[in-house]
Amino acid sequence: MSNEPTLGAVYERLVGVSLERVWENVHDWEHLPWLHGLAFSAIELEASGDWGWRAWVRPAAPGDSESLLIDLRRDPDLDVYHTRTLEGPGKGADTVVTLTPESDHSTHVRVEFWLPMAQGEQAQAVGASLVALYTRLWDEDEAMMVRRQQVVDAARVREQSGVPPNVGAISLGQWEGLAGRLPLRVPSEAGDYRVVETEAGFAAHSVLCPHRGGPLDDAEISQGHVVCPWHGYRFALADGRVADGRKCHMRRPPRVERGENGEALLVLSGSSGASMQARSSD
Ligand code: FES
Ligand SMILES: [Fe+2]
């Protein structure tokens, strides 16, 4: 039997984002166990740089929990990268991805799965399972990259028009019955907020993650923190500070207060001011 790797399968697709967004995603090792939580349960970085990254990755599937040492490496001259399994199940596998920009918001992706010690029908079976896995991973990545592009575009517009003031108070309707109307999505000029109830009382937070713009609209609330679904950063509802020693904080969240006449108010960073009407989230 030859020791040469076998081409198990080829997977091709178009993704609706620029080449820049795709490279950003390729370098983003942190999202694996969060965005791709069905495929991976943990990642531990060994090294990263302009060249790519190397990390121990633990598969999520039960019975398949032996970690793999993955080395993702860019070709220095081409829009190509290799993802090699250096240790663990599938050691010696090399996934070669070629990126070709089709337009400003469209990139062609070609993935070749080179498999060690697999021949004939065995290589085809492994290749087919990898195509199924990569189809889901790229679906999840594309959704993240599309949203990320929207966040980048919106930030550019805001830069040109200036940052709106984050002051005043927004009416949330009557205090009585507020809990029954939660979660509540509250638009403001400075961005949308979500009002929730926790064990500590009512709280609010921006629906835009300060890390890379991940969606916090339906994010999990855990032990007084809102948890971003893209990379798992946890921000304290009390003051916006990030947990786990990471380096990205949320703007201090607004407070939910009981105003005069039994009105519930979302008080932004500044003091109370004119109120706008909130709308229920659906
Ligand atoms: S976008 Fe990365 S943690 Fe939210
Ligand atoms: Fe991904």
# chains A, B, ... in the order shown; residues from 1 in each chain; ligands from 1

$ residues_around --residues "Glu66 (chain A)" --least-positions-apart "5" --cutoff "8 Å" --atoms "only C-alpha atoms" --output "list of chain:residue names"
A:Arg58, A:Pro59, A:Gly88, A:Pro89

$ write_last_selection --atoms "N, CA and C atoms" --output "PDB file, in the first residue's frame"
ATOM      1  N   ARG A  58     -10.513  19.907  20.206  1.00  0.00           N
ATOM      2  CA  ARG A  58     -11.227  18.709  20.677  1.00  0.00           C
ATOM      3  C   ARG A  58     -12.544  18.571  19.933  1.00  0.00           C
ATOM      4  N   PRO A  59     -12.761  17.444  19.261  1.00  0.00           N
ATOM      5  CA  PRO A  59     -14.047  17.244  18.580  1.00  0.00           C
ATOM      6  C   PRO A  59     -15.186  17.159  19.586  1.00  0.00           C
ATOM      7  N   GLY A  88      -3.053  13.116  16.631  1.00  0.00           N
ATOM      8  CA  GLY A  88      -4.423  12.708  16.914  1.00  0.00           C
ATOM      9  C   GLY A  88      -5.070  11.993  15.737  1.00  0.00           C
ATOM     10  N   PRO A  89      -6.381  11.733  15.847  1.00  0.00           N
ATOM     11  CA  PRO A  89      -7.090  11.011  14.791  1.00  0.00           C
ATOM     12  C   PRO A  89      -6.925  11.710  13.438  1.00  0.00           C
TER      13      PRO A  89
END

$ residues_around --residues "region 191-199 of chain A" --least-positions-apart "2" --cutoff "9 Å" --atoms "only C-alpha atoms" --output "count of residues only"
31

$ atom_distance --atom1 "CA of Val152 (chain A)" --atom2 "atom 2 (Fe, counted along the ligand's line) of ligand 1"
13.7 Å

$ closest_residue --among "A:Ser18, A:Ser161, A:Thr6, A:Ser129" --to "Pro116 (chain A)" --atoms "only C-alpha atoms"
A:Thr6

$ closest_atom_pairs --of "chain A" --to "ligand 2" --cutoff "6 Å" --atoms "only C-alpha atoms and all ligand atoms" --output "tab-separated table"
residue	atom	partner	partner_atom_place_in_ligand_line	distance
A:Leu32	CA	ligand 2	1 (Fe)	5.9
A:Leu137	CA	ligand 2	1 (Fe)	5.7
A:Asp141	CA	ligand 2	1 (Fe)	4.8

$ write_last_selection --atoms "N, CA and C atoms" --output "PDB file, in the first residue's frame"
ATOM      1  N   LEU A  32     -13.976  28.419  16.813  1.00  0.00           N
ATOM      2  CA  LEU A  32     -14.283  27.009  16.521  1.00  0.00           C
ATOM      3  C   LEU A  32     -15.252  26.352  17.507  1.00  0.00           C
ATOM      4  N   LEU A 137     -19.797  23.657   8.329  1.00  0.00           N
ATOM      5  CA  LEU A 137     -18.870  24.665   8.858  1.00  0.00           C
ATOM      6  C   LEU A 137     -18.887  25.931   8.007  1.00  0.00           C
ATOM      7  N   ASP A 141     -19.871  29.640   8.946  1.00  0.00           N
ATOM      8  CA  ASP A 141     -18.899  30.724   8.718  1.00  0.00           C
ATOM      9  C   ASP A 141     -19.490  31.817   7.830  1.00  0.00           C
TER      10      ASP A 141
END

$ residues_around --residues "Val126 (chain A)" --least-positions-apart "4" --cutoff "8 Å" --atoms "only C-alpha atoms" --output "list in words"
Gly8, Gln122 and Leu130 of chain A

$ write_last_selection --atoms "all heavy atoms" --output "tab-separated table (two decimals), in the first residue's frame"
chain	number	residue	atom	x	y	z
A	8	GLY	N	-9.37	12.38	-1.14
A	8	GLY	CA	-10.61	11.72	-0.76
A	8	GLY	C	-11.84	12.38	-1.34
A	8	GLY	O	-12.82	11.71	-1.68
A	122	GLN	N	-12.54	3.38	1.05
A	122	GLN	CA	-12.35	3.97	2.37
A	122	GLN	C	-12.10	5.47	2.25
A	122	GLN	O	-12.67	6.28	2.98
A	122	GLN	CB	-11.17	3.30	3.07
A	122	GLN	CG	-11.05	3.71	4.53
A	122	GLN	CD	-9.66	3.41	5.10
A	122	GLN	OE1	-8.79	2.88	4.42
A	122	GLN	NE2	-9.48	3.75	6.36
A	130	LEU	N	-16.26	14.23	5.34
A	130	LEU	CA	-15.62	15.54	5.48
A	130	LEU	C	-16.37	16.61	4.68
A	130	LEU	O	-16.48	17.76	5.12
A	130	LEU	CB	-14.16	15.45	5.02
A	130	LEU	CG	-13.23	14.73	5.99
A	130	LEU	CD1	-11.88	14.46	5.36
A	130	LEU	CD2	-13.05	15.55	7.27

$ closest_residue --among "A:Ala169, A:Glu24, A:Arg212, A:Arg234" --to "Leu268 (chain A)" --atoms "only C-alpha atoms"
A:Ala169
